[in-house]
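What follows is a set of notes on a single structure, which appears directly below.
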Amino acid sequence: MVERQTMSKKSPYTYLPSDETKIRMLHFMKLVREIEDRIEKKLYRQGRIVGGVYVGRGQEAISVGTAIHMEKDDVVAPSHRDMGVFLMRGVTPRRIIAQYMGRRTGLTRGRDGNMHMGDMNYNVIAFVSHLGDNVPVAAGVALAFKQRGQKQVALCYNGEGATSRGDWHEGINFASIHKLPVTFFINNNAYAYSTPMELQMAIKDVAMRAPGYGIPGEVVDGNDILAVYDSAKRAIDLARSGGGPSIVEYKTFRMTGHSAHDDAGYVPPELFDEWKRKDPIVRFERTLLEEGALTQSRLDEMQKECALIVDDAVDWAEQQPYPAPEEVTKDVYYEG
Amino acid sequence: MAVTTYIDAIKEGIWEEMEKDESVFILGEDVGIYGGAFKVTKGMLDKFGPMRVIDTPISESAIVGAAIGAALVGMRPVAEMQFIDFISCAFDQIVNFAAKCRYRWGAGVPIVVRGPSGGGVHGGPFHSQNPEAYFFNVPGLKIVCPSTAYDAKGLIKAAIRDPDPVLYFEHKYLYRRIKEDLPAEDFVVPIGKAALRREGEDLSIITYGAMVYKALEAAEALAQDGIDVEVLDLRSILPLDEEAILTTAKKTSKVIVLHEATLTGGPGGEVVARIAEKAFEYLDGPIVRIAPPDTPVPYSPPLEEAFLPQTKDIVAKAKKLAAY
């Protein structure tokens, strides 16, 4: 296992994004934050979203810094805290809000809520609540790529909580045996609902399990988008070039409860304070301002743009029809 | 025309589909080098190569999960459970992933999960089960249970071509005991269609799988006593062929529902309910269920024989119903 000291002052990165890509990544991180803030702090509390809400506040660098490397025909199986994946695949904020509001034009046409959405037109596989189930499924996608001799990769996302499930083990083991083109990303946000790391596993890093599968594992600062970008590129390149799967573990922190109804009273407040100082968006903004890749006025504009995009998405979504009651029995099976 | 056993019919069906469609592949425990615990996949590794005949670790969840992932990007996987009892290890992937994709987000999952089910071979509690009832209550799945070599071949082909997940429960007791001449040309048996195995006027036995033969034996015995029995083989239990069920119930007015899955919560209850709801006025006696008792499948021969419905039990209950 390669343990990288990405907090080091020495330039630790093999790959650095262009300024243009950096701005693009910042845009998506800010858009994720804006959408999820709106969903959790406004629409949910106002009763305009009726079901569960799970956000990835504080984890935006992970989905954005990994999914940026996807090629058009790559397939992704995100988890419930990876909003950036959907946006980067081209799913519009309008349809995402419609999804949360149970409207007919949401990705699941009202059949499922929140982050339980997918669409093979975007090559995004919908998450199920049974954590870790997407690991064998992503391995199967990669198996098909290998069978057909395609240079595509599958990306699979989970929190550290999901890694305690048997499906996670079975899927990674199977992918490792066959050197399948799939990369497993772990957003280790320190809690599985209320359960801290030390009650989930007797090791400090999920990536320590990688040698047990005969594959590379790496622990990365998940709140440093440049470290995420670099590590993800190396892992995805490895998979794409026939080198097989790897586990990349991003250390981060869930800056919310498990879901919108959870006040996270079990998390020591000083942890929130500590991780607030490591906010991946604020940190990246500071870097870009210092580098001169961004000006304060451009940053202010980006903030306004994101707010307008989400305003528009909410307005649009609220105009969308609910599914008709008679649709309840449709599409259980193929209907032609 | 060549005489083909039930097990070879399954194999031929898979083989022909693999020859015809490059997206069809098989995966499972010991299916490659070894040719499968029962040899359903014998010779396939040599013919189709290791990319299409995949030996897996003992990981039923990964077998089905990988099948789902491959299916989502256009493949047609056929996943083998070495014994169908082990399908419980893949339950979550089947019921929460495969069965719900289309309804939730419009993604078809054309997979087949197949394996040897059923008792009568002294397999004991973990190599004899009939797990169809576990899945019967899962919208999005199809379930087939062939009883003849013709259906074994026609249904595996239909299952592979089907756009939705199909559980194909083959009966290991029938593997080498049942054989028939099969047509040389390509054919499928439609999923969801029952077959009348014997026509009769006095009483209907609605059944599937290996119990079809017990029903036919009972019908022969009952004919000696002048009781004319009709035997309906469901072939598919999800979806049920409701039309065929109601037609036979209305015709004979007396119905026995027979299966090898245990009694309580078994698929027979649903058959009974449909008849009670939709053909009540036609009935001329209580609907009778014949199924194993609510116990695990026991190992020792006297126990297993007591567990499985026997021809004499069917005859006795049929006589009583006929006289009602």
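So you can find residues: chains in the structure tokens are A, B, ... in the order shown, residues in each start at 1, and ligands are numbered from 1 in order.
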Compute the set of chain A residues within 9 Å of chain B, using only C-alpha atoms, and express it as number ranges by chain. A: 75, 107-112, 116-120, 123, 125-130, 133-148, 166-174, 329-334
Those selected residues, please, written with N, CA and C atoms and delivered as a tab-separated table (two decimals), in the first residue's frame.
```
chain	number	residue	atom	x	y	z
A	75	VAL	N	-18.67	3.98	-16.97
A	75	VAL	CA	-19.91	3.81	-16.20
A	75	VAL	C	-19.60	4.03	-14.72
A	107	LEU	N	-35.42	11.64	-12.28
A	107	LEU	CA	-34.79	10.50	-12.97
A	107	LEU	C	-35.54	9.19	-12.75
A	108	THR	N	-36.22	9.06	-11.63
A	108	THR	CA	-36.96	7.82	-11.39
A	108	THR	C	-38.47	8.00	-11.55
A	109	ARG	N	-38.88	9.10	-12.14
A	109	ARG	CA	-40.30	9.33	-12.44
A	109	ARG	C	-41.16	9.15	-11.19
A	110	GLY	N	-40.62	9.53	-10.05
A	110	GLY	CA	-41.38	9.43	-8.81
A	110	GLY	C	-41.35	8.08	-8.15
A	111	ARG	N	-40.65	7.12	-8.73
A	111	ARG	CA	-40.63	5.78	-8.14
A	111	ARG	C	-39.69	5.71	-6.95
A	112	ASP	N	-38.68	6.55	-6.95
A	112	ASP	CA	-37.73	6.54	-5.84
A	112	ASP	C	-37.32	7.99	-5.58
A	116	HIS	N	-31.24	8.19	-4.84
A	116	HIS	CA	-31.51	6.88	-5.45
A	116	HIS	C	-31.93	7.08	-6.90
A	117	MET	N	-31.02	7.57	-7.68
A	117	MET	CA	-31.37	7.86	-9.07
A	117	MET	C	-30.24	7.40	-10.00
A	118	GLY	N	-30.64	7.06	-11.20
A	118	GLY	CA	-29.66	6.66	-12.19
A	118	GLY	C	-30.29	6.72	-13.56
A	119	ASP	N	-29.48	6.59	-14.56
A	119	ASP	CA	-29.97	6.63	-15.93
A	119	ASP	C	-28.82	6.13	-16.82
A	120	MET	N	-29.04	5.03	-17.52
A	120	MET	CA	-27.96	4.49	-18.34
A	120	MET	C	-27.67	5.39	-19.55
A	123	ASN	N	-24.92	6.79	-18.21
A	123	ASN	CA	-24.05	5.75	-17.65
A	123	ASN	C	-23.90	5.87	-16.13
A	125	ILE	N	-25.42	4.33	-12.66
A	125	ILE	CA	-26.20	3.25	-12.07
A	125	ILE	C	-26.80	3.72	-10.75
A	126	ALA	N	-28.11	3.52	-10.60
A	126	ALA	CA	-28.78	4.01	-9.40
A	126	ALA	C	-28.38	3.20	-8.16
A	127	PHE	N	-28.17	3.94	-7.12
A	127	PHE	CA	-27.77	3.39	-5.83
A	127	PHE	C	-28.96	2.70	-5.17
A	128	VAL	N	-28.70	1.66	-4.40
A	128	VAL	CA	-29.74	1.09	-3.53
A	128	VAL	C	-29.30	1.29	-2.08
A	129	SER	N	-30.27	1.28	-1.19
A	129	SER	CA	-29.97	1.55	0.22
A	129	SER	C	-29.13	0.46	0.86
A	130	HIS	N	-29.13	-0.70	0.26
A	130	HIS	CA	-28.37	-1.83	0.80
A	130	HIS	C	-26.91	-1.62	0.43
A	133	ASP	N	-23.94	-3.05	-2.24
A	133	ASP	CA	-24.50	-3.83	-3.36
A	133	ASP	C	-23.94	-3.38	-4.70
A	134	ASN	N	-23.55	-2.11	-4.78
A	134	ASN	CA	-23.06	-1.60	-6.06
A	134	ASN	C	-21.64	-2.09	-6.39
A	135	VAL	N	-20.99	-2.75	-5.45
A	135	VAL	CA	-19.61	-3.19	-5.70
A	135	VAL	C	-19.57	-4.38	-6.66
A	136	PRO	N	-20.28	-5.47	-6.39
A	136	PRO	CA	-20.32	-6.54	-7.40
A	136	PRO	C	-20.91	-6.06	-8.74
A	137	VAL	N	-21.86	-5.14	-8.67
A	137	VAL	CA	-22.49	-4.65	-9.90
A	137	VAL	C	-21.47	-3.88	-10.75
A	138	ALA	N	-20.69	-3.02	-10.09
A	138	ALA	CA	-19.65	-2.28	-10.83
A	138	ALA	C	-18.61	-3.26	-11.39
A	139	ALA	N	-18.30	-4.30	-10.62
A	139	ALA	CA	-17.37	-5.32	-11.12
A	139	ALA	C	-17.94	-5.98	-12.38
A	140	GLY	N	-19.25	-6.20	-12.39
A	140	GLY	CA	-19.89	-6.81	-13.55
A	140	GLY	C	-19.85	-5.91	-14.78
A	141	VAL	N	-20.01	-4.62	-14.57
A	141	VAL	CA	-19.87	-3.67	-15.68
A	141	VAL	C	-18.46	-3.78	-16.26
A	142	ALA	N	-17.48	-3.79	-15.34
A	142	ALA	CA	-16.08	-3.88	-15.77
A	142	ALA	C	-15.79	-5.22	-16.46
A	143	LEU	N	-16.44	-6.26	-15.99
A	143	LEU	CA	-16.29	-7.57	-16.63
A	143	LEU	C	-16.75	-7.49	-18.09
A	144	ALA	N	-17.90	-6.84	-18.31
A	144	ALA	CA	-18.40	-6.71	-19.68
A	144	ALA	C	-17.42	-5.91	-20.54
A	145	PHE	N	-16.83	-4.85	-19.97
A	145	PHE	CA	-15.84	-4.07	-20.73
A	145	PHE	C	-14.66	-4.97	-21.13
A	146	LYS	N	-14.23	-5.78	-20.19
A	146	LYS	CA	-13.09	-6.66	-20.47
A	146	LYS	C	-13.47	-7.72	-21.51
A	147	GLN	N	-14.65	-8.30	-21.36
A	147	GLN	CA	-15.10	-9.31	-22.31
A	147	GLN	C	-15.15	-8.76	-23.73
A	148	ARG	N	-15.57	-7.50	-23.85
A	148	ARG	CA	-15.74	-6.91	-25.17
A	148	ARG	C	-14.50	-6.19	-25.66
A	166	GLY	N	-20.67	-7.76	3.33
A	166	GLY	CA	-20.08	-8.87	2.58
A	166	GLY	C	-20.02	-8.63	1.09
A	167	ASP	N	-21.00	-7.93	0.56
A	167	ASP	CA	-21.00	-7.66	-0.88
A	167	ASP	C	-19.77	-6.87	-1.30
A	168	TRP	N	-19.33	-5.98	-0.42
A	168	TRP	CA	-18.14	-5.18	-0.73
A	168	TRP	C	-16.95	-6.12	-0.92
A	169	HIS	N	-16.80	-7.03	0.02
A	169	HIS	CA	-15.70	-8.00	-0.08
A	169	HIS	C	-15.83	-8.87	-1.32
A	170	GLU	N	-16.99	-9.43	-1.53
A	170	GLU	CA	-17.18	-10.34	-2.67
A	170	GLU	C	-16.90	-9.63	-3.99
A	171	GLY	N	-17.38	-8.41	-4.10
A	171	GLY	CA	-17.22	-7.67	-5.35
A	171	GLY	C	-15.76	-7.30	-5.61
A	172	ILE	N	-15.08	-6.83	-4.58
A	172	ILE	CA	-13.68	-6.42	-4.77
A	172	ILE	C	-12.81	-7.65	-5.03
A	173	ASN	N	-13.09	-8.72	-4.33
A	173	ASN	CA	-12.31	-9.94	-4.55
A	173	ASN	C	-12.48	-10.44	-5.98
A	174	PHE	N	-13.71	-10.46	-6.45
A	174	PHE	CA	-13.99	-10.92	-7.82
A	174	PHE	C	-13.29	-10.01	-8.84
A	329	THR	N	-48.53	0.92	-11.50
A	329	THR	CA	-48.26	-0.46	-11.90
A	329	THR	C	-47.43	-0.58	-13.18
A	330	LYS	N	-46.98	0.54	-13.71
A	330	LYS	CA	-46.22	0.50	-14.97
A	330	LYS	C	-44.76	0.11	-14.74
A	331	ASP	N	-44.18	-0.50	-15.77
A	331	ASP	CA	-42.72	-0.69	-15.83
A	331	ASP	C	-42.13	-1.61	-14.77
A	332	VAL	N	-42.95	-2.47	-14.21
A	332	VAL	CA	-42.39	-3.50	-13.33
A	332	VAL	C	-41.61	-4.49	-14.20
A	333	TYR	N	-42.19	-4.74	-15.38
A	333	TYR	CA	-41.55	-5.57	-16.40
A	333	TYR	C	-41.49	-4.77	-17.70
A	334	TYR	N	-40.72	-5.27	-18.61
A	334	TYR	CA	-40.61	-4.64	-19.94
A	334	TYR	C	-41.98	-4.55	-20.59
```
Looking only at the backbone, which of the residues in range 123-264 of chain A does DSSP tag as helix (DSSP H, G or I), as an MDAnalysis selection string? chainID A and resid 134:147 161:164 166:177 197:199 206:213 225:240
Residue contacts of Pro93 in chain A (10 Å, only C-alpha atoms) excluding same-chain residues fewer than 4 positions away, as a PyMOL selection string: chain A and resi 31-32+35+86-87+97-99+309-314+316-317
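DSSP secondary structure from the backbone places Val24, Phe25, Ile26, Leu27, Gly28, Val53, Ile54, Asp55, Arg76, Pro77, Val78, Ala79 and Glu80 of chain B of range 8-111 of chain B in strand (DSSP E or B).
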Residues at most 7 Å from Thr41 in chain B, counting only C-alpha atoms, excluding those fewer than 6 positions away in the same chain, as JSON, numbers by chain? {"B": [11, 31, 35]}
Mind checking which residues fall within 9 Å of Asp294 in chain B, counting only C-alpha atoms, ignoring those fewer than 2 positions away in the same chain, and posting them as number ranges by chain? B: 262-264, 291-292, 296
Requested write-out: N, CA and C atoms of the selected residues, as a compact mmCIF listing (two decimals), in the first residue's frame:
```txt
# COMPACT_ATOMS: atom_id res chain seq x y z
N THR B 262 -42.79 -25.95 0.72
CA THR B 262 -43.57 -26.25 1.92
C THR B 262 -44.89 -25.47 1.91
N LEU B 263 -45.82 -25.93 2.73
CA LEU B 263 -47.22 -25.54 2.62
C LEU B 263 -47.47 -24.06 2.87
N THR B 264 -47.07 -23.58 4.05
CA THR B 264 -47.49 -22.24 4.47
C THR B 264 -46.72 -21.17 3.69
N ALA B 291 -48.83 -30.36 -0.06
CA ALA B 291 -47.47 -29.84 -0.07
C ALA B 291 -46.74 -30.46 1.12
N PRO B 292 -45.43 -30.38 1.15
CA PRO B 292 -44.71 -30.87 2.32
C PRO B 292 -45.10 -30.09 3.57
N PRO B 296 -37.91 -27.98 7.59
CA PRO B 296 -36.80 -28.10 6.63
C PRO B 296 -36.87 -29.44 5.90
```
Near Ile23 in chain A, counting only C-alpha atoms, which residues have an atom at most 12 Å away, once you skip same-chain residues fewer than 6 positions from it, shown as a VMD selection string? chain A and resid 17 29 to 30 64 to 65 68 225 to 226 281 284 to 285 287 to 289 292 to 295 298 to 299 302
